[in-house]
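Participant: To be precise about what I am sending: the file is called start26.csv and holds CSV, C-alpha atoms.
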chain,number,residue,atom,x,y,z
S,1,MET,CA,0.0,0.0,0.0
S,2,SER,CA,1.3,3.5,-0.8
S,3,ILE,CA,2.2,5.8,2.1
S,4,PHE,CA,-0.5,8.2,0.9
S,5,LYS,CA,-3.2,5.5,1.0
S,6,LYS,CA,-1.9,4.3,4.4
S,7,ILE,CA,-2.2,7.8,5.9
S,8,MET,CA,-5.6,8.4,4.3
S,9,THR,CA,-6.9,5.1,5.7
S,10,ALA,CA,-5.4,5.8,9.2
S,11,ILE,CA,-7.0,9.2,9.4
S,12,ARG,CA,-10.4,8.1,8.1
S,13,GLY,CA,-10.2,5.2,10.6
S,14,GLY,CA,-9.9,7.7,13.4
S,15,ALA,CA,-6.2,7.4,14.1
S,16,SER,CA,-6.2,11.1,14.7
S,17,GLU,CA,-6.1,10.2,18.4
S,18,VAL,CA,-2.7,11.0,19.9
S,19,GLY,CA,-0.5,8.0,20.5
S,20,GLU,CA,-2.0,6.1,17.6
S,21,SER,CA,0.9,6.4,15.1
S,22,ILE,CA,0.2,6.3,11.4
S,23,VAL,CA,3.3,4.1,10.9
S,24,ASP,CA,5.0,2.8,13.9
S,25,SER,CA,8.1,4.7,14.9
S,26,ASN,CA,10.4,1.7,14.4
S,27,ALA,CA,9.3,1.5,10.8
S,28,THR,CA,10.0,5.3,10.4
S,29,ARG,CA,13.5,4.7,11.8
S,30,ILE,CA,14.1,1.9,9.3
S,31,PHE,CA,12.8,4.1,6.5
S,32,GLU,CA,15.2,6.9,7.5
S,33,GLN,CA,18.0,4.4,7.6
S,34,GLU,CA,17.0,3.3,4.1
S,35,ILE,CA,17.1,6.8,2.9
S,36,ARG,CA,20.6,7.4,4.4
S,37,ASP,CA,21.8,4.1,2.7
S,38,SER,CA,20.4,5.2,-0.6
S,39,GLU,CA,22.1,8.6,-0.3
S,40,ASN,CA,25.4,6.8,0.5
S,41,HIS,CA,25.1,4.6,-2.6
S,42,LEU,CA,24.3,7.7,-4.6
S,43,THR,CA,27.4,9.5,-3.4
S,44,LYS,CA,29.5,6.4,-4.3
S,45,ALA,CA,27.9,6.1,-7.7
S,46,LYS,CA,28.6,9.8,-8.4
S,47,ARG,CA,32.2,9.3,-7.5
S,48,ASP,CA,32.5,6.2,-9.7
S,49,LEU,CA,30.9,8.2,-12.5
S,50,THR,CA,33.5,11.0,-12.2
S,51,GLY,CA,36.3,8.4,-12.4
S,52,VAL,CA,34.8,6.6,-15.4
S,53,MET,CA,34.2,9.9,-17.2
S,54,ALA,CA,37.9,10.9,-16.6
S,55,GLN,CA,39.0,7.6,-18.1
S,56,GLN,CA,36.6,8.1,-21.0
S,57,MET,CA,38.1,11.6,-21.7
S,58,SER,CA,41.7,10.3,-21.6
S,59,SER,CA,40.8,7.4,-23.7
S,60,SER,CA,39.1,9.6,-26.2
S,61,ARG,CA,42.2,11.8,-26.4
S,62,GLU,CA,44.4,8.7,-27.0
S,63,VAL,CA,42.1,7.5,-29.8
S,64,ASP,CA,42.4,11.0,-31.5
S,65,ARG,CA,46.2,10.9,-31.2
S,66,LEU,CA,46.5,7.4,-32.7
S,67,LYS,CA,44.2,8.3,-35.6
S,68,ARG,CA,46.3,11.4,-36.3
S,69,GLU,CA,49.5,9.2,-36.2
S,70,VAL,CA,48.0,6.7,-38.6
S,71,VAL,CA,47.2,9.4,-41.1
S,72,GLU,CA,50.6,11.0,-40.6
S,73,HIS,CA,52.5,7.6,-41.2
S,74,GLU,CA,50.3,6.8,-44.2
S,75,GLY,CA,51.7,10.0,-45.7
S,76,TYR,CA,55.2,8.9,-44.9
S,77,ALA,CA,54.7,5.5,-46.5
S,78,VAL,CA,53.3,7.1,-49.7
S,79,GLN,CA,56.3,9.4,-49.8
S,80,ALA,CA,58.8,6.5,-49.4
S,81,LEU,CA,57.0,4.6,-52.2
S,82,GLU,CA,57.2,7.7,-54.4
S,83,LYS,CA,61.0,7.7,-53.8
S,84,GLY,CA,61.1,4.0,-54.7
S,85,ASP,CA,62.4,3.1,-51.2
S,86,GLU,CA,60.4,-0.1,-50.7
S,87,THR,CA,62.3,-1.1,-47.5
S,88,LEU,CA,61.5,2.2,-45.8
S,89,ALA,CA,57.9,2.0,-46.9
S,90,LEU,CA,57.6,-1.5,-45.4
S,91,ALA,CA,59.1,-0.3,-42.1
S,92,VAL,CA,56.5,2.6,-42.0
S,93,ALA,CA,53.7,0.1,-43.0
S,94,GLU,CA,54.7,-2.0,-40.0
S,95,LYS,CA,54.6,1.0,-37.7
S,96,ILE,CA,51.1,1.8,-39.1
S,97,SER,CA,50.0,-1.7,-38.4
S,98,THR,CA,51.1,-1.4,-34.8
S,99,LEU,CA,49.3,2.0,-34.5
S,100,GLU,CA,46.1,0.5,-35.9
S,101,ASN,CA,46.2,-2.4,-33.4
S,102,ASP,CA,46.7,0.1,-30.6
S,103,LEU,CA,43.9,2.2,-32.0
S,104,ALA,CA,41.5,-0.7,-32.2
S,105,SER,CA,42.2,-1.7,-28.5
S,106,GLN,CA,42.0,2.0,-27.4
S,107,GLN,CA,38.7,2.4,-29.3
S,108,GLN,CA,37.4,-0.7,-27.6
S,109,ALA,CA,38.3,0.7,-24.2
S,110,LEU,CA,36.7,4.0,-25.1
S,111,ASP,CA,33.4,2.3,-26.1
S,112,SER,CA,33.5,0.3,-22.8
S,113,PHE,CA,34.1,3.5,-20.7
S,114,SER,CA,31.3,5.3,-22.6
S,115,GLY,CA,28.9,2.4,-22.0
S,116,SER,CA,29.8,2.4,-18.3
S,117,ALA,CA,29.4,6.2,-18.0
S,118,ASN,CA,26.0,6.1,-19.6
S,119,ARG,CA,24.9,3.2,-17.3
S,120,LEU,CA,26.2,5.0,-14.2
S,121,LYS,CA,24.4,8.3,-15.3
S,122,GLU,CA,21.1,6.4,-15.6
S,123,LEU,CA,21.7,4.7,-12.2
S,124,VAL,CA,22.5,8.1,-10.6
S,125,LYS,CA,19.3,9.6,-12.0
S,126,LYS,CA,17.2,6.7,-10.9
S,127,SER,CA,18.7,6.7,-7.4
S,128,GLU,CA,18.1,10.5,-7.1
S,129,ARG,CA,14.5,10.0,-8.1
S,130,GLN,CA,14.2,7.1,-5.6
S,131,VAL,CA,15.7,9.1,-2.7
S,132,GLY,CA,13.5,12.1,-3.5
S,133,GLU,CA,10.5,9.8,-3.5
S,134,TYR,CA,11.5,8.2,-0.1
S,135,LYS,CA,12.0,11.7,1.4
S,136,ARG,CA,8.6,12.8,0.1
S,137,GLN,CA,6.9,9.8,1.7
S,138,LEU,CA,8.8,10.2,5.0
S,139,SER,CA,7.8,13.9,5.0
S,140,MET,CA,4.1,12.9,4.7
S,141,VAL,CA,4.3,10.5,7.6
S,142,LYS,CA,6.3,12.9,9.8
S,143,THR,CA,4.0,15.9,9.0
S,144,THR,CA,0.9,13.9,9.8
S,145,GLU,CA,2.4,12.9,13.2
S,146,SER,CA,3.6,16.4,13.9
S,147,VAL,CA,0.2,17.8,13.2
S,148,GLN,CA,-1.4,15.3,15.5
S,149,LYS,CA,1.0,16.1,18.3
S,150,ALA,CA,0.7,19.8,17.7
S,151,THR,CA,-3.1,19.5,17.8
S,152,SER,CA,-2.9,17.7,21.1
S,153,ALA,CA,-0.5,20.4,22.5
S,154,ILE,CA,-2.9,23.1,21.4
S,155,THR,CA,-5.9,21.3,22.8
S,156,ASP,CA,-4.1,20.7,26.1
S,157,ASN,CA,-3.1,24.4,26.3
S,158,PHE,CA,-6.6,25.6,25.7
S,159,SER,CA,-8.1,23.3,28.3
S,160,SER,CA,-5.5,24.1,30.9
S,161,SER,CA,-5.9,27.9,30.4
S,162,ASN,CA,-9.7,27.4,30.7
S,163,SER,CA,-10.1,29.3,27.4
S,164,LYS,CA,-11.5,27.8,24.3
S,165,LEU,CA,-11.6,28.4,20.6
S,166,LEU,CA,-14.7,30.5,20.0
S,167,ASN,CA,-17.4,29.8,17.6
S,168,ALA,CA,-16.3,31.1,14.2
S,169,LYS,CA,-19.1,33.6,13.7
S,170,ASP,CA,-18.7,35.0,17.3
S,171,SER,CA,-14.9,35.4,16.7
S,172,LEU,CA,-15.6,37.3,13.5
S,173,GLU,CA,-18.2,39.6,15.2
S,174,ARG,CA,-15.7,40.4,18.0
S,175,ILE,CA,-12.9,41.2,15.6
S,176,LYS,CA,-15.3,43.4,13.5
S,177,ALA,CA,-16.5,45.1,16.6
S,178,LYS,CA,-12.9,45.9,17.5
S,179,GLN,CA,-12.2,47.1,14.0
S,180,GLN,CA,-15.4,49.3,14.3
S,181,LYS,CA,-14.2,50.7,17.6
S,182,PHE,CA,-10.8,51.5,16.1
S,183,ASP,CA,-12.5,53.2,13.1
S,184,ASP,CA,-14.7,55.2,15.4
S,185,GLN,CA,-11.7,56.3,17.5
S,186,MET,CA,-9.9,57.3,14.3
S,187,LYS,CA,-12.9,59.4,13.3
S,188,ALA,CA,-13.2,61.0,16.7
S,189,ALA,CA,-9.6,61.8,16.6
S,190,GLU,CA,-10.0,63.4,13.2
S,191,VAL,CA,-12.9,65.5,14.5
S,192,LEU,CA,-10.9,66.6,17.5
S,193,GLU,CA,-8.0,67.4,15.2
S,194,SER,CA,-10.1,69.6,13.0
S,195,GLU,CA,-11.6,71.4,16.1
S,196,ASN,CA,-8.0,72.1,17.2
S,197,SER,CA,-7.2,73.5,13.9
S,198,ASP,CA,-10.3,75.8,14.2
S,199,ASN,CA,-8.9,77.0,17.5
S,200,SER,CA,-5.6,77.8,16.1
S,201,LEU,CA,-7.3,79.8,13.3
S,202,ALA,CA,-9.2,81.8,16.0
S,203,ALA,CA,-5.8,82.5,17.6
S,204,GLN,CA,-4.4,83.7,14.4
S,205,LEU,CA,-7.4,86.0,13.8
S,206,LYS,CA,-7.1,87.4,17.3
S,207,GLN,CA,-3.4,88.1,16.8
S,208,ALA,CA,-4.3,90.0,13.7
S,209,GLY,CA,-6.8,92.1,15.7
S,210,ILE,CA,-9.7,90.5,13.9
S,211,GLY,CA,-12.7,89.1,15.7
S,212,GLY,CA,-13.1,88.9,19.5
S,213,THR,CA,-11.6,91.6,21.7
S,214,ASP,CA,-9.0,90.9,24.3
S,215,ASN,CA,-9.5,92.2,27.8
S,216,SER,CA,-5.9,93.0,28.4
S,217,ALA,CA,-4.6,95.2,31.2
S,218,ASN,CA,-4.0,98.0,28.8
S,219,SER,CA,-7.5,98.0,27.4
S,220,VAL,CA,-8.9,98.0,31.0
S,221,LEU,CA,-6.6,101.0,31.9
S,222,ASP,CA,-7.7,102.8,28.7
S,223,ARG,CA,-11.3,102.3,29.7
S,224,LEU,CA,-10.7,103.6,33.3
S,225,LYS,CA,-8.8,106.7,31.9
S,226,ALA,CA,-11.8,107.4,29.6
S,227,LYS,CA,-14.1,107.4,32.7
S,228,GLN,CA,-12.0,109.9,34.6
S,229,LYS,CA,-12.4,112.5,31.9
I,1,MET,CA,14.4,27.6,11.2
I,2,ASN,CA,12.6,26.8,14.5
I,3,ILE,CA,9.7,28.4,16.3
I,4,HIS,CA,11.9,30.3,18.7
I,5,LYS,CA,13.7,32.1,15.9
I,6,ILE,CA,10.3,32.9,14.4
I,7,ALA,CA,9.0,34.2,17.7
I,8,ASP,CA,12.1,36.3,18.3
I,9,HIS,CA,11.8,37.9,14.9
I,10,LEU,CA,8.1,38.6,15.1
I,11,ASN,CA,8.5,40.1,18.6
I,12,SER,CA,11.4,42.3,17.5
I,13,LEU,CA,9.2,43.7,14.7
I,14,ALA,CA,6.7,45.3,17.1
I,15,ASP,CA,5.1,48.1,15.1
I,16,ASN,CA,7.5,47.8,12.1
I,17,SER,CA,6.0,44.8,10.3
I,18,GLU,CA,5.6,45.1,6.6
I,19,THR,CA,2.1,43.7,6.8
I,20,GLY,CA,0.7,46.5,9.0
I,21,MET,CA,-0.1,43.8,11.6
I,22,VAL,CA,1.4,43.5,15.1
I,23,PHE,CA,2.1,39.9,16.1
I,24,ASP,CA,2.2,38.4,19.6
I,25,CYS,CA,3.9,35.1,20.0
I,26,GLN,CA,3.3,32.5,22.8
I,27,PRO,CA,5.1,29.2,22.7
I,28,ILE,CA,3.0,26.1,23.6
I,29,SER,CA,5.0,23.2,24.9
I,30,GLY,CA,4.2,19.6,24.1
I,31,GLU,CA,5.6,16.7,22.2
I,32,VAL,CA,6.0,19.1,19.3
I,33,ASP,CA,6.8,22.7,19.8
I,34,VAL,CA,4.0,25.0,18.7
I,35,LEU,CA,4.0,28.7,18.5
I,36,GLN,CA,0.6,30.5,19.0
I,37,ILE,CA,0.7,33.7,17.1
I,38,THR,CA,-2.1,36.3,17.5
I,39,VAL,CA,-2.5,39.4,15.5
I,40,ILE,CA,-3.3,42.3,17.7
I,41,ASP,CA,-7.1,43.2,17.5
I,42,ARG,CA,-7.7,39.8,15.9
I,43,GLU,CA,-6.9,37.6,18.9
I,44,GLU,CA,-9.9,35.4,18.3
I,45,LEU,CA,-8.2,33.8,15.2
I,46,PRO,CA,-4.8,32.6,16.4
I,47,ILE,CA,-2.3,31.0,14.1
I,48,PHE,CA,-0.5,27.9,15.2
I,49,VAL,CA,3.0,27.4,13.8
I,50,SER,CA,5.0,24.2,14.0
I,51,VAL,CA,8.2,23.3,12.2
I,52,THR,CA,9.0,19.8,10.8
I,53,ASP,CA,12.1,18.5,9.1
I,54,ASP,CA,11.3,20.1,5.8
I,55,GLN,CA,8.5,22.5,6.3
I,56,ILE,CA,6.9,25.2,8.4
I,57,LEU,CA,3.2,24.7,9.0
I,58,CYS,CA,0.9,27.6,9.8
I,59,ILE,CA,-2.6,26.6,10.8
I,60,THR,CA,-5.7,28.6,11.7
I,61,TYR,CA,-8.8,26.9,13.1
I,62,LEU,CA,-12.0,28.0,11.3
I,63,TRP,CA,-14.9,26.1,12.9
I,64,GLY,CA,-15.9,22.7,14.1
I,65,VAL,CA,-18.1,20.2,12.2
I,66,GLU,CA,-20.9,20.9,14.8
I,67,GLU,CA,-21.0,24.5,13.7
I,68,VAL,CA,-22.0,23.6,10.1
I,69,LYS,CA,-25.7,23.4,9.2
I,70,PRO,CA,-26.1,19.7,8.5
I,71,ASP,CA,-27.7,20.1,5.1
I,72,CYS,CA,-25.0,22.6,4.0
I,73,LEU,CA,-22.1,20.2,4.5
I,74,GLN,CA,-21.8,19.0,0.9
I,75,ASP,CA,-22.1,22.5,-0.5
I,76,MET,CA,-19.5,23.8,1.9
I,77,HIS,CA,-17.0,21.0,1.0
I,78,VAL,CA,-17.5,21.8,-2.7
I,79,SER,CA,-17.0,25.6,-2.1
I,80,MET,CA,-13.8,24.8,-0.1
I,81,LEU,CA,-12.4,22.7,-2.9
I,82,GLU,CA,-13.3,25.3,-5.5
I,83,MET,CA,-11.8,28.1,-3.5
I,84,ASN,CA,-8.6,26.2,-2.6
I,85,ILE,CA,-6.7,27.5,-5.7
I,86,PRO,CA,-8.0,31.1,-5.9
I,87,MET,CA,-7.2,31.7,-2.2
I,88,PRO,CA,-3.7,33.0,-2.0
I,89,LEU,CA,-1.1,31.0,-0.1
I,90,SER,CA,-3.5,29.1,2.1
I,91,SER,CA,-5.4,25.8,1.7
I,92,PHE,CA,-8.4,24.3,3.4
I,93,SER,CA,-8.0,21.2,5.5
I,94,LYS,CA,-9.6,19.3,8.4
I,95,ILE,CA,-7.9,18.2,11.6
I,96,GLY,CA,-10.1,15.8,13.6
I,97,ASP,CA,-13.5,17.5,13.7
I,98,LYS,CA,-12.2,21.0,13.0
I,99,TYR,CA,-12.0,22.7,9.6
I,100,VAL,CA,-8.8,24.7,9.2
I,101,ILE,CA,-6.8,26.7,6.7
I,102,PHE,CA,-3.1,26.3,6.6
I,103,GLY,CA,0.0,27.4,4.7
I,104,ALA,CA,3.1,25.3,4.3
I,105,LEU,CA,6.4,26.9,3.8
I,106,SER,CA,9.8,25.5,3.0
I,107,ILE,CA,12.1,25.3,6.0
I,108,ASN,CA,14.4,27.6,4.1
I,109,SER,CA,11.9,30.4,3.9
I,110,SER,CA,13.0,33.9,4.9
I,111,PHE,CA,11.5,35.8,7.9
I,112,HIS,CA,9.9,38.1,5.3
I,113,ASP,CA,8.2,35.1,3.7
I,114,ILE,CA,6.9,33.9,7.0
I,115,GLU,CA,5.6,37.3,8.0
I,116,HIS,CA,3.8,37.6,4.7
I,117,GLU,CA,2.4,34.1,5.0
I,118,LEU,CA,1.0,34.9,8.5
I,119,GLY,CA,-0.6,38.1,7.4
I,120,VAL,CA,-2.3,36.5,4.4
I,121,LEU,CA,-3.4,33.5,6.4
I,122,ASN,CA,-5.1,35.7,9.0
I,123,SER,CA,-6.8,37.8,6.4
I,124,ASN,CA,-7.9,34.7,4.5
I,125,ALA,CA,-9.4,33.3,7.7
I,126,MET,CA,-11.4,36.5,8.3
I,127,GLU,CA,-12.8,36.6,4.8
I,128,ILE,CA,-13.7,32.9,4.8
I,129,ILE,CA,-15.7,33.1,8.0
I,130,ASP,CA,-17.4,36.1,6.6
I,131,ASP,CA,-18.2,34.6,3.2
I,132,MET,CA,-18.9,31.1,4.3
I,133,GLY,CA,-21.1,32.2,7.2
I,134,GLU,CA,-24.2,31.1,5.3
I,135,TYR,CA,-23.1,27.5,5.8
I,136,LEU,CA,-22.8,27.9,9.6
I,137,ILE,CA,-25.4,27.7,12.3
Would you encode the structure as structure tokens?
Facilitator:
Amino acid sequence: MSIFKKIMTAIRGGASEVGESIVDSNATRIFEQEIRDSENHLTKAKRDLTGVMAQQMSSSREVDRLKREVVEHEGYAVQALEKGDETLALAVAEKISTLENDLASQQQALDSFSGSANRLKELVKKSERQVGEYKRQLSMVKTTESVQKATSAITDNFSSSNSKLLNAKDSLERIKAKQQKFDDQMKAAEVLESENSDNSLAAQLKQAGIGGTDNSANSVLDRLKAKQK
Amino acid sequence: MNIHKIADHLNSLADNSETGMVFDCQPISGEVDVLQITVIDREELPIFVSVTDDQILCITYLWGVEEVKPDCLQDMHVSMLEMNIPMPLSSFSKIGDKYVIFGALSINSSFHDIEHELGVLNSNAMEIIDDMGEYLI
């Protein structure tokens, strides 16, 4: 059974109770060990691949070199024949024959390295997919368990603090009421602010001698002096 | 990333969060560490954050099965499935007999990502309760 199906069955079967594990913890540990083993194999396969690819490159260079030498010596042999030096031509031909043998065996090695490299690359890709898949499955199991444990911690916390999660609609109403109160306060503050600015305007008018009169000491004195006359 | 780092960060933000929300963090101890995060003035809809090996889970409880009008259950489920993709960052789920919305983040998320996630999750929860109220008793 897939992990997904197992979790689904367990949840539907009421395994949401704490302590009832989806997959027993021993199985989880074995699973984690399997993932670590796979990752170790993967690391080793990647190292092997690097080695084989290095051999493949060096072999490929050797094949190129031998091919160039064969062509070069074929040229020499033709030149020797043109000069009528049959003995020299034969000696060159022998050299070419040796080079061609070397080339054939080097080519064989190259083909073999290329084959190995391709196989290892496929293996690495397959292992990477496998490890990714194991990790995804393990994550599902662990997340399910973590949520169950978290839920029980939250539930315990609420029951110990004698508070409880409110009914959804009530919660929303309360939040909206708070928002409304905040909005009202903002509005009140705005009104207050504008009244203050009215006051400051009155002060400016007064300073300019416009509007209400000021009962300053001087004006009182002026009034008294006027009475004396 | 662990819940203590998240709590330290959110507490240090105070009034300077980029979401315009002020967060209050309260760790809850248990077999798994859980962080209860409340948004100031929206304390009724707390967010519970827990961290696993590869992800950070942020969960907000919506309502219990018993709060749903019995003959609306099917319609509500369909609406939840239909809204799962349009709703930014959060998804619907059910834990035990409670409906929840949650967001899952990579363990490598930045504090900024987490803050954004929490802000969106909280706003989503408000809107869902408002708009799905017709299914509730």
Participant: Pull out every residue of chain I that has at least one atom within 8 Å of chain S, counting only C-alpha atoms, and report them as a ChimeraX atom specification.
Facilitator: /I:28-34,41-45,50,52-54,62-63,67,95-96,126,129-130,133,136
Participant: Go ahead and write the selection's residues with C-alpha atoms as a JSON list (two decimals), in the frame of the given file.
Facilitator:
[["chain", "number", "residue", "atom", "x", "y", "z"],
["I", 28, "ILE", "CA", 3.00, 26.10, 23.60],
["I", 29, "SER", "CA", 5.00, 23.20, 24.90],
["I", 30, "GLY", "CA", 4.20, 19.60, 24.10],
["I", 31, "GLU", "CA", 5.60, 16.70, 22.20],
["I", 32, "VAL", "CA", 6.00, 19.10, 19.30],
["I", 33, "ASP", "CA", 6.80, 22.70, 19.80],
["I", 34, "VAL", "CA", 4.00, 25.00, 18.70],
["I", 41, "ASP", "CA", -7.10, 43.20, 17.50],
["I", 42, "ARG", "CA", -7.70, 39.80, 15.90],
["I", 43, "GLU", "CA", -6.90, 37.60, 18.90],
["I", 44, "GLU", "CA", -9.90, 35.40, 18.30],
["I", 45, "LEU", "CA", -8.20, 33.80, 15.20],
["I", 50, "SER", "CA", 5.00, 24.20, 14.00],
["I", 52, "THR", "CA", 9.00, 19.80, 10.80],
["I", 53, "ASP", "CA", 12.10, 18.50, 9.10],
["I", 54, "ASP", "CA", 11.30, 20.10, 5.80],
["I", 62, "LEU", "CA", -12.00, 28.00, 11.30],
["I", 63, "TRP", "CA", -14.90, 26.10, 12.90],
["I", 67, "GLU", "CA", -21.00, 24.50, 13.70],
["I", 95, "ILE", "CA", -7.90, 18.20, 11.60],
["I", 96, "GLY", "CA", -10.10, 15.80, 13.60],
["I", 126, "MET", "CA", -11.40, 36.50, 8.30],
["I", 129, "ILE", "CA", -15.70, 33.10, 8.00],
["I", 130, "ASP", "CA", -17.40, 36.10, 6.60],
["I", 133, "GLY", "CA", -21.10, 32.20, 7.20],
["I", 136, "LEU", "CA", -22.80, 27.90, 9.60]]
Participant: At what distance in Å, to one decimal, does atom CA of S:Asp64 lie from atom CA of S:Thr98?
Facilitator: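 Value for the atom CA of S:Thr98-atom CA of S:Asp64 distance: 15.5 Å.
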Participant: Any idea what's packed within 10 Å of I:Ser93, counting all atoms listed in the file, ignoring anything in its chain fewer than 5 positions away? Could you give it as a VMD selection string?
Facilitator: chain I and resid 59 to 62 80 to 81 84 98 to 102
Participant: Distance atom CA of S:Ser112-atom CA of S:Arg129, one decimal place?
Facilitator: 25.9 Å
Participant: Atom CA of S:Arg61 and atom CA of S:Leu103 are how many Å apart?
Facilitator: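 Between atom CA of S:Arg61 and atom CA of S:Leu103 the gap works out to 11.2 Å.
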Participant: For I:Lys69, which of I:Phe48, I:Phe92, I:Tyr135, I:Phe23 is the closest residue, counting all atoms listed in the file?
Facilitator: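 Smallest distance to I:Lys69 is found for I:Tyr135.
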Participant: With all atoms of stretch 141-145 of chain S from the file as input, state the centre and edge lengths in Å to one decimal of the axis-aligned box that has 4 Å extra on each side, as AutoDock Vina command-line options.
Facilitator:
--center_x 3.6 --center_y 13.2 --center_z 10.4 --size_x 13.4 --size_y 13.4 --size_z 13.6
Participant: Within 10 Å of stretch 82-95 of chain S, counting only C-alpha atoms, which residues qualify if same-chain residues fewer than 5 places away don't, as a tab-separated table (two decimals) with C-alpha atoms, keeping the file's coordinate frame?
Facilitator:
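Saved to result_30.tsv:
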chain	number	residue	atom	x	y	z
S	69	GLU	CA	49.50	9.20	-36.20
S	70	VAL	CA	48.00	6.70	-38.60
S	73	HIS	CA	52.50	7.60	-41.20
S	74	GLU	CA	50.30	6.80	-44.20
S	75	GLY	CA	51.70	10.00	-45.70
S	76	TYR	CA	55.20	8.90	-44.90
S	77	ALA	CA	54.70	5.50	-46.50
S	100	GLU	CA	46.10	0.50	-35.90
Participant: Please identify all polymer residues lying at most 12 Å from the point (10.9, 43.1, 15.9) (file coordinates), using only C-alpha atoms, and present the result as an MDAnalysis selection string.
Facilitator: chainID I and resid 5:18 21:25 111:112 115
